[in-house]
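What follows is a single structure, written as structure tokens, with notes after it.
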Amino acid sequence: MDLVTLTGEPWADYGLVDSGHGRKLERYGRFRFIRPEPQAMWAPASADWRADGEFIPGPDEDGGGRWQLSGDVPHGGWPLSWREVRFTATNTPFRHLGFFPDMAPVWDWMRGRINGADDPECLNLFGYTGVGTLALSAAGARMVHVDASKKSVEAARGNAALSGMADRPVRWLVEDAGKFVAREVRRDRRYDGIILDPPKWGRGPNGEVWKLEEGLPGLIADCRQLLDADSRFLFLTVYAVRLSALAIGELVRQHFADLPGTVEAGELTVREESRGLMLPTAIFARWSRD
């Protein structure tokens, strides 16, 4: 199994400006924000970080904290874009900005996998605010977008409207991902590609409990049943857990051993604008047809 690194480069509406001493300075459109970043163990390029806001973490590592924002930052968010996709960035209570910019190289990779496919259909599990869904939709895919949070699905619909894609073939579903996939297996459904970004812990719309280490093996097994030798890809990202890329890579490799293609695992990173160094953000595993 190959180990690879996918690196997100700066684009017009996003960049990692600087990082170090456990923090990172990023630009989101016209605003700059400071957020905690335990992986940034080095010294920053500059001691002068001027920002429009900073997330102050709570006392424990698993959550909590608050934003300190200047009066210029709109509380309702502001529009950003990536290629054809427009979406709203906002300062969430979970310390991020309503999307994950390190996923940009993943969006490009998936679009490359479906290039030339005849009417591809893809599934986005834990789809959040839909930027990945819209990136694939803009490339011609019919999409099924699943998230347990009604608020997130509403935000995704809003991003579709903002992008001028409200009429694209997308099914927006407020569902528990595991239950939905199991039901699709029973229906003998098939997809050309699946992207999944499961949280460490969460609850479904009916109180279902999700724990990553317990639920992921079964979920990957079910996802495998929704793909066949003519499918194009599966992409799994994992954040904020004590797992190895090799571990999730082997999980995917075993379940996809009977399909032609390649399994790879590695790290997602973002390239810092100040020095060009790469800040690791997540681990991933992926299968693609050769």
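Each chain in the structure tokens gets a letter, A, B, ..., in the order shown, and its residues are numbered from 1; ligands are numbered from 1 in order too.
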I'd like the contact shell of Ala51 (chain A) - 8 Å cut-off, only C-alpha atoms, skipping same-chain residues fewer than 2 positions apart - returned as a short mmCIF file (atom, residue, chain, number, x, y, z; two decimals) with all heavy atoms, in the first residue's frame.
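Once written, part27.cif looks like this:
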```
data_model
loop_
_atom_site.label_atom_id
_atom_site.label_comp_id
_atom_site.auth_asym_id
_atom_site.auth_seq_id
_atom_site.Cartn_x
_atom_site.Cartn_y
_atom_site.Cartn_z
N LEU A 25 -2.48 31.04 11.60
CA LEU A 25 -3.09 32.27 11.11
C LEU A 25 -3.54 32.01 9.67
O LEU A 25 -2.72 31.67 8.81
CB LEU A 25 -2.09 33.43 11.15
CG LEU A 25 -2.53 34.75 10.52
CD1 LEU A 25 -3.71 35.36 11.28
CD2 LEU A 25 -1.35 35.73 10.47
N PHE A 31 -10.91 38.43 5.60
CA PHE A 31 -10.68 38.34 7.04
C PHE A 31 -9.56 37.36 7.38
O PHE A 31 -9.32 36.40 6.65
CB PHE A 31 -11.97 37.91 7.76
CG PHE A 31 -13.12 38.83 7.55
CD1 PHE A 31 -14.21 38.44 6.77
CD2 PHE A 31 -13.13 40.09 8.10
CE1 PHE A 31 -15.28 39.29 6.56
CE2 PHE A 31 -14.19 40.97 7.90
CZ PHE A 31 -15.27 40.56 7.13
N ARG A 32 -8.90 37.63 8.51
CA ARG A 32 -7.85 36.74 9.01
C ARG A 32 -8.22 36.29 10.42
O ARG A 32 -8.71 37.08 11.24
CB ARG A 32 -6.50 37.46 9.05
CG ARG A 32 -5.92 37.76 7.67
CD ARG A 32 -4.52 38.31 7.80
NE ARG A 32 -3.87 38.45 6.50
CZ ARG A 32 -2.57 38.56 6.33
NH1 ARG A 32 -1.76 38.54 7.39
NH2 ARG A 32 -2.05 38.69 5.14
N PHE A 33 -7.95 35.00 10.69
CA PHE A 33 -8.30 34.43 11.98
C PHE A 33 -7.16 33.58 12.52
O PHE A 33 -6.41 32.96 11.76
CB PHE A 33 -9.56 33.56 11.87
CG PHE A 33 -10.76 34.31 11.39
CD1 PHE A 33 -11.16 34.21 10.06
CD2 PHE A 33 -11.48 35.13 12.24
CE1 PHE A 33 -12.26 34.91 9.60
CE2 PHE A 33 -12.58 35.84 11.79
CZ PHE A 33 -12.97 35.72 10.47
N ILE A 34 -7.08 33.55 13.85
CA ILE A 34 -6.11 32.70 14.56
C ILE A 34 -6.89 31.56 15.21
O ILE A 34 -7.91 31.79 15.87
CB ILE A 34 -5.34 33.50 15.62
CG1 ILE A 34 -4.55 34.64 14.97
CG2 ILE A 34 -4.42 32.59 16.42
CD1 ILE A 34 -3.97 35.62 15.97
N TRP A 49 1.11 38.90 14.31
CA TRP A 49 -0.08 38.31 13.70
C TRP A 49 -1.27 39.25 13.91
O TRP A 49 -1.85 39.31 15.00
CB TRP A 49 -0.40 36.96 14.34
CG TRP A 49 0.45 35.84 13.86
CD1 TRP A 49 1.59 35.91 13.12
CD2 TRP A 49 0.22 34.45 14.09
NE1 TRP A 49 2.10 34.67 12.88
CE2 TRP A 49 1.27 33.74 13.46
CE3 TRP A 49 -0.75 33.72 14.77
CZ2 TRP A 49 1.37 32.34 13.49
CZ3 TRP A 49 -0.66 32.36 14.81
CH2 TRP A 49 0.39 31.66 14.16
N GLY A 53 -10.00 38.00 14.28
CA GLY A 53 -10.61 37.20 15.32
C GLY A 53 -9.70 36.06 15.73
O GLY A 53 -8.79 35.68 15.00
N GLU A 54 -9.97 35.52 16.92
CA GLU A 54 -9.21 34.38 17.42
C GLU A 54 -10.13 33.46 18.19
O GLU A 54 -11.01 33.92 18.93
CB GLU A 54 -8.06 34.84 18.32
CG GLU A 54 -7.23 33.70 18.87
CD GLU A 54 -5.99 34.15 19.62
OE1 GLU A 54 -5.79 35.38 19.72
OE2 GLU A 54 -5.24 33.28 20.10
#
```
Identify all residues of region 113-230 of chain A in helix (DSSP H, G or I) (DSSP on the backbone) and supply them as a short mmCIF file (atom, residue, chain, number, x, y, z; two decimals) with N, CA, C and O atoms, in the first residue's frame.
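Below is the file selection-v2.cif, written as the result:
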```cif
data_model
loop_
_atom_site.label_atom_id
_atom_site.label_comp_id
_atom_site.auth_asym_id
_atom_site.auth_seq_id
_atom_site.Cartn_x
_atom_site.Cartn_y
_atom_site.Cartn_z
N ARG A 113 -11.46 11.69 -11.01
CA ARG A 113 -11.86 10.28 -11.08
C ARG A 113 -13.14 10.10 -11.89
O ARG A 113 -13.32 9.08 -12.55
N ILE A 114 -14.08 11.06 -11.81
CA ILE A 114 -15.34 10.88 -12.54
C ILE A 114 -15.28 11.49 -13.93
O ILE A 114 -16.25 11.38 -14.69
N VAL A 131 -19.87 21.60 0.47
CA VAL A 131 -18.92 22.09 -0.52
C VAL A 131 -18.41 20.95 -1.39
O VAL A 131 -18.30 21.07 -2.62
N GLY A 132 -18.11 19.79 -0.78
CA GLY A 132 -17.68 18.63 -1.57
C GLY A 132 -18.78 18.14 -2.50
O GLY A 132 -18.51 17.75 -3.65
N THR A 133 -20.01 18.13 -2.00
CA THR A 133 -21.14 17.75 -2.85
C THR A 133 -21.24 18.64 -4.07
O THR A 133 -21.42 18.17 -5.20
N LEU A 134 -21.13 19.94 -3.87
CA LEU A 134 -21.27 20.89 -4.97
C LEU A 134 -20.06 20.84 -5.90
O LEU A 134 -20.20 21.06 -7.12
N ALA A 135 -18.87 20.54 -5.36
CA ALA A 135 -17.69 20.40 -6.22
C ALA A 135 -17.89 19.25 -7.21
O ALA A 135 -17.53 19.36 -8.40
N LEU A 136 -18.46 18.15 -6.74
CA LEU A 136 -18.72 17.02 -7.63
C LEU A 136 -19.90 17.29 -8.54
O LEU A 136 -19.90 16.91 -9.72
N SER A 137 -20.93 17.95 -8.02
CA SER A 137 -22.09 18.29 -8.84
C SER A 137 -21.68 19.19 -10.00
O SER A 137 -22.13 19.01 -11.14
N ALA A 138 -20.81 20.15 -9.73
CA ALA A 138 -20.36 21.06 -10.79
C ALA A 138 -19.58 20.32 -11.87
O ALA A 138 -19.51 20.78 -13.02
N LYS A 150 -29.87 18.62 10.63
CA LYS A 150 -30.79 19.38 9.79
C LYS A 150 -30.21 20.76 9.47
O LYS A 150 -30.32 21.25 8.34
N LYS A 151 -29.55 21.36 10.46
CA LYS A 151 -28.96 22.69 10.25
C LYS A 151 -27.87 22.63 9.19
O LYS A 151 -27.78 23.53 8.33
N SER A 152 -27.05 21.59 9.19
CA SER A 152 -25.99 21.47 8.18
C SER A 152 -26.57 21.27 6.79
O SER A 152 -26.07 21.84 5.81
N VAL A 153 -27.61 20.44 6.68
CA VAL A 153 -28.22 20.21 5.37
C VAL A 153 -28.88 21.49 4.86
O VAL A 153 -28.80 21.80 3.67
N GLU A 154 -29.48 22.25 5.75
CA GLU A 154 -30.04 23.54 5.33
C GLU A 154 -28.94 24.48 4.85
O GLU A 154 -29.11 25.20 3.85
N ALA A 155 -27.80 24.48 5.53
CA ALA A 155 -26.67 25.30 5.09
C ALA A 155 -26.16 24.83 3.72
O ALA A 155 -25.79 25.65 2.87
N ALA A 156 -26.14 23.52 3.50
CA ALA A 156 -25.71 22.98 2.22
C ALA A 156 -26.65 23.41 1.10
O ALA A 156 -26.21 23.78 0.00
N ARG A 157 -27.95 23.37 1.36
CA ARG A 157 -28.92 23.85 0.38
C ARG A 157 -28.69 25.34 0.08
O ARG A 157 -28.80 25.78 -1.07
N GLY A 158 -28.40 26.10 1.14
CA GLY A 158 -28.12 27.51 0.94
C GLY A 158 -26.89 27.74 0.09
O GLY A 158 -26.85 28.64 -0.76
N ASN A 159 -25.85 26.91 0.29
CA ASN A 159 -24.65 27.02 -0.54
C ASN A 159 -24.93 26.65 -1.99
O ASN A 159 -24.35 27.23 -2.92
N ALA A 160 -25.84 25.67 -2.19
CA ALA A 160 -26.22 25.32 -3.56
C ALA A 160 -26.90 26.50 -4.24
O ALA A 160 -26.61 26.80 -5.42
N ALA A 161 -27.78 27.17 -3.53
CA ALA A 161 -28.44 28.35 -4.10
C ALA A 161 -27.44 29.45 -4.37
O ALA A 161 -27.49 30.11 -5.43
N LEU A 162 -26.51 29.67 -3.44
CA LEU A 162 -25.49 30.70 -3.62
C LEU A 162 -24.63 30.42 -4.84
O LEU A 162 -24.17 31.33 -5.52
N ALA A 177 -25.92 8.27 8.83
CA ALA A 177 -25.16 7.73 7.70
C ALA A 177 -25.12 6.21 7.71
O ALA A 177 -25.30 5.56 6.67
N GLY A 178 -24.89 5.62 8.87
CA GLY A 178 -24.80 4.16 8.94
C GLY A 178 -26.10 3.49 8.56
O GLY A 178 -26.11 2.50 7.81
N LYS A 179 -27.22 3.99 9.08
CA LYS A 179 -28.51 3.41 8.75
C LYS A 179 -28.84 3.59 7.27
O LYS A 179 -29.38 2.69 6.62
N PHE A 180 -28.50 4.76 6.73
CA PHE A 180 -28.78 5.01 5.32
C PHE A 180 -28.00 4.05 4.43
O PHE A 180 -28.56 3.45 3.50
N VAL A 181 -26.71 3.88 4.71
CA VAL A 181 -25.89 3.00 3.87
C VAL A 181 -26.37 1.56 3.98
O VAL A 181 -26.46 0.85 2.97
N ALA A 182 -26.70 1.11 5.18
CA ALA A 182 -27.21 -0.26 5.34
C ALA A 182 -28.49 -0.46 4.54
O ALA A 182 -28.69 -1.52 3.92
N ARG A 183 -29.35 0.55 4.52
CA ARG A 183 -30.58 0.46 3.74
C ARG A 183 -30.29 0.44 2.25
O ARG A 183 -30.93 -0.31 1.48
N GLU A 184 -29.32 1.21 1.79
CA GLU A 184 -28.93 1.20 0.39
C GLU A 184 -28.37 -0.15 -0.03
O GLU A 184 -28.60 -0.62 -1.14
N VAL A 185 -27.64 -0.81 0.87
CA VAL A 185 -27.14 -2.16 0.58
C VAL A 185 -28.30 -3.12 0.38
O VAL A 185 -28.31 -3.92 -0.57
N ARG A 186 -29.30 -3.05 1.25
CA ARG A 186 -30.47 -3.93 1.12
C ARG A 186 -31.22 -3.66 -0.18
O ARG A 186 -31.83 -4.58 -0.75
N LEU A 212 -16.31 6.55 16.30
CA LEU A 212 -15.54 6.25 15.10
C LEU A 212 -14.91 4.87 15.12
O LEU A 212 -15.08 4.08 14.19
N GLU A 213 -14.16 4.57 16.17
CA GLU A 213 -13.43 3.30 16.20
C GLU A 213 -14.36 2.09 16.17
O GLU A 213 -14.00 1.04 15.66
N GLU A 214 -15.57 2.25 16.71
CA GLU A 214 -16.53 1.15 16.73
C GLU A 214 -17.31 1.06 15.42
O GLU A 214 -17.58 -0.05 14.93
N GLY A 215 -17.69 2.20 14.86
CA GLY A 215 -18.59 2.19 13.71
C GLY A 215 -17.92 2.15 12.35
O GLY A 215 -18.54 1.72 11.37
N LEU A 216 -16.65 2.57 12.28
CA LEU A 216 -16.02 2.71 10.97
C LEU A 216 -15.85 1.39 10.22
O LEU A 216 -16.14 1.33 9.01
N PRO A 217 -15.39 0.29 10.84
CA PRO A 217 -15.22 -0.95 10.06
C PRO A 217 -16.51 -1.41 9.37
O PRO A 217 -16.50 -1.77 8.19
N GLY A 218 -17.62 -1.38 10.10
CA GLY A 218 -18.88 -1.80 9.50
C GLY A 218 -19.34 -0.85 8.41
O GLY A 218 -19.91 -1.29 7.39
N LEU A 219 -19.10 0.44 8.60
CA LEU A 219 -19.51 1.41 7.59
C LEU A 219 -18.72 1.23 6.30
O LEU A 219 -19.28 1.27 5.20
N ILE A 220 -17.41 1.00 6.42
CA ILE A 220 -16.60 0.77 5.22
C ILE A 220 -17.03 -0.51 4.52
O ILE A 220 -17.11 -0.58 3.28
N ALA A 221 -17.35 -1.55 5.30
CA ALA A 221 -17.83 -2.81 4.71
C ALA A 221 -19.10 -2.58 3.91
O ALA A 221 -19.26 -3.11 2.79
N ASP A 222 -20.03 -1.79 4.44
CA ASP A 222 -21.27 -1.51 3.72
C ASP A 222 -21.01 -0.63 2.50
O ASP A 222 -21.61 -0.85 1.43
N CYS A 223 -20.12 0.34 2.64
CA CYS A 223 -19.79 1.19 1.48
C CYS A 223 -19.22 0.34 0.34
O CYS A 223 -19.51 0.60 -0.84
N ARG A 224 -18.40 -0.64 0.70
CA ARG A 224 -17.86 -1.52 -0.34
C ARG A 224 -18.97 -2.19 -1.15
O ARG A 224 -18.85 -2.36 -2.38
N GLN A 225 -20.08 -2.54 -0.49
CA GLN A 225 -21.18 -3.21 -1.19
C GLN A 225 -21.91 -2.28 -2.16
O GLN A 225 -22.66 -2.75 -3.02
#
```
As a PyMOL selection string, please: every residue in region 123-279 of chain A that a backbone DSSP assignment puts in strand (DSSP E or B). chain A and resi 123-125+142-147+170-174+193-196+201-203+209-211+233-238+262-272+278-279
Would you mind listing what lies within 12 Å of Leu243 (chain A) as a compact mmCIF listing (two decimals) with all heavy atoms, in the first residue's frame, with only C-alpha atoms counted and same-chain residues fewer than 4 positions away left out?
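Saved file selection_21.txt follows:
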```txt
# COMPACT_ATOMS: atom_id res chain seq x y z
N LYS A 200 -15.37 12.03 15.03
CA LYS A 200 -14.88 11.16 16.11
C LYS A 200 -16.04 10.61 16.92
O LYS A 200 -16.05 9.44 17.31
CB LYS A 200 -13.92 11.95 16.99
CG LYS A 200 -13.35 11.18 18.17
CD LYS A 200 -12.39 12.07 18.95
CE LYS A 200 -11.80 11.34 20.15
NZ LYS A 200 -10.87 12.21 20.92
N LEU A 212 -16.31 6.55 16.30
CA LEU A 212 -15.54 6.25 15.10
C LEU A 212 -14.91 4.87 15.12
O LEU A 212 -15.08 4.08 14.19
CB LEU A 212 -14.46 7.32 14.88
CG LEU A 212 -13.67 7.16 13.60
CD1 LEU A 212 -14.44 7.72 12.42
CD2 LEU A 212 -12.30 7.81 13.69
N GLU A 213 -14.16 4.57 16.17
CA GLU A 213 -13.43 3.30 16.20
C GLU A 213 -14.36 2.09 16.17
O GLU A 213 -14.00 1.04 15.66
CB GLU A 213 -12.52 3.23 17.43
CG GLU A 213 -11.33 4.18 17.40
CD GLU A 213 -11.66 5.56 17.93
OE1 GLU A 213 -12.87 5.88 18.11
OE2 GLU A 213 -10.72 6.34 18.17
N LEU A 216 -16.65 2.57 12.28
CA LEU A 216 -16.02 2.71 10.97
C LEU A 216 -15.85 1.39 10.22
O LEU A 216 -16.14 1.33 9.01
CB LEU A 216 -14.67 3.42 11.10
CG LEU A 216 -13.97 3.77 9.79
CD1 LEU A 216 -14.83 4.69 8.93
CD2 LEU A 216 -12.62 4.42 10.07
N THR A 237 -11.75 10.40 5.02
CA THR A 237 -10.90 11.28 5.83
C THR A 237 -11.23 11.09 7.30
O THR A 237 -12.38 10.85 7.67
CB THR A 237 -11.07 12.76 5.46
OG1 THR A 237 -12.46 13.11 5.51
CG2 THR A 237 -10.54 13.04 4.08
N VAL A 238 -10.21 11.22 8.14
CA VAL A 238 -10.37 11.07 9.59
C VAL A 238 -9.60 12.20 10.27
O VAL A 238 -8.41 12.40 10.01
CB VAL A 238 -9.86 9.70 10.07
CG1 VAL A 238 -9.89 9.62 11.59
CG2 VAL A 238 -10.69 8.57 9.47
N TYR A 239 -10.29 12.94 11.12
CA TYR A 239 -9.70 14.06 11.86
C TYR A 239 -9.68 13.76 13.35
O TYR A 239 -10.55 13.07 13.87
CB TYR A 239 -10.54 15.34 11.67
CG TYR A 239 -10.47 15.98 10.31
CD1 TYR A 239 -11.26 15.51 9.27
CD2 TYR A 239 -9.63 17.06 10.07
CE1 TYR A 239 -11.21 16.10 8.02
CE2 TYR A 239 -9.58 17.66 8.83
CZ TYR A 239 -10.37 17.18 7.81
OH TYR A 239 -10.32 17.77 6.57
N ALA A 247 -3.47 2.33 9.56
CA ALA A 247 -4.58 1.55 10.10
C ALA A 247 -5.83 1.68 9.23
O ALA A 247 -6.45 0.68 8.86
CB ALA A 247 -4.89 1.98 11.53
N ILE A 248 -6.21 2.89 8.89
CA ILE A 248 -7.41 3.04 8.07
C ILE A 248 -7.14 2.60 6.64
O ILE A 248 -8.04 2.12 5.94
CB ILE A 248 -7.99 4.47 8.12
CG1 ILE A 248 -7.01 5.50 7.56
CG2 ILE A 248 -8.38 4.83 9.55
CD1 ILE A 248 -7.64 6.88 7.38
N GLY A 249 -5.89 2.72 6.19
CA GLY A 249 -5.54 2.23 4.86
C GLY A 249 -5.70 0.72 4.77
O GLY A 249 -6.21 0.19 3.78
N GLU A 250 -5.26 0.00 5.81
CA GLU A 250 -5.40 -1.45 5.81
C GLU A 250 -6.87 -1.86 5.89
O GLU A 250 -7.29 -2.85 5.28
CB GLU A 250 -4.61 -2.05 6.96
CG GLU A 250 -4.67 -3.57 7.05
CD GLU A 250 -4.10 -4.27 5.82
OE1 GLU A 250 -3.33 -3.64 5.05
OE2 GLU A 250 -4.44 -5.46 5.62
N LEU A 251 -7.66 -1.11 6.64
CA LEU A 251 -9.10 -1.38 6.70
C LEU A 251 -9.72 -1.31 5.31
O LEU A 251 -10.46 -2.21 4.89
CB LEU A 251 -9.77 -0.37 7.64
CG LEU A 251 -11.30 -0.39 7.69
CD1 LEU A 251 -11.80 -1.70 8.28
CD2 LEU A 251 -11.82 0.80 8.48
N GLY A 266 -2.54 8.13 3.65
CA GLY A 266 -1.55 9.17 3.92
C GLY A 266 -2.14 10.32 4.71
O GLY A 266 -3.09 10.15 5.46
N GLU A 267 -1.56 11.50 4.51
CA GLU A 267 -1.94 12.68 5.27
C GLU A 267 -2.43 13.78 4.35
O GLU A 267 -1.91 13.96 3.24
CB GLU A 267 -0.76 13.21 6.08
CG GLU A 267 -0.28 12.28 7.17
CD GLU A 267 0.65 12.99 8.16
OE1 GLU A 267 0.35 14.12 8.57
OE2 GLU A 267 1.67 12.39 8.50
N ALA A 282 -5.07 16.03 8.71
CA ALA A 282 -5.92 14.84 8.83
C ALA A 282 -5.21 13.66 8.18
O ALA A 282 -4.22 13.83 7.46
CB ALA A 282 -7.28 15.08 8.17
N ILE A 283 -5.74 12.45 8.42
CA ILE A 283 -5.28 11.27 7.70
C ILE A 283 -6.38 10.82 6.76
O ILE A 283 -7.56 11.17 6.93
CB ILE A 283 -4.87 10.13 8.65
CG1 ILE A 283 -6.05 9.72 9.56
CG2 ILE A 283 -3.66 10.53 9.49
CD1 ILE A 283 -5.76 8.52 10.44
N PHE A 284 -6.01 10.06 5.74
CA PHE A 284 -7.02 9.60 4.79
C PHE A 284 -6.63 8.23 4.25
O PHE A 284 -5.47 7.79 4.33
CB PHE A 284 -7.16 10.58 3.61
CG PHE A 284 -6.02 10.58 2.64
CD1 PHE A 284 -6.01 9.69 1.55
CD2 PHE A 284 -4.94 11.43 2.79
CE1 PHE A 284 -4.95 9.67 0.66
CE2 PHE A 284 -3.88 11.43 1.90
CZ PHE A 284 -3.88 10.53 0.83
N ALA A 285 -7.63 7.56 3.69
CA ALA A 285 -7.42 6.35 2.90
C ALA A 285 -8.36 6.44 1.70
O ALA A 285 -9.46 6.98 1.80
CB ALA A 285 -7.71 5.09 3.72
```
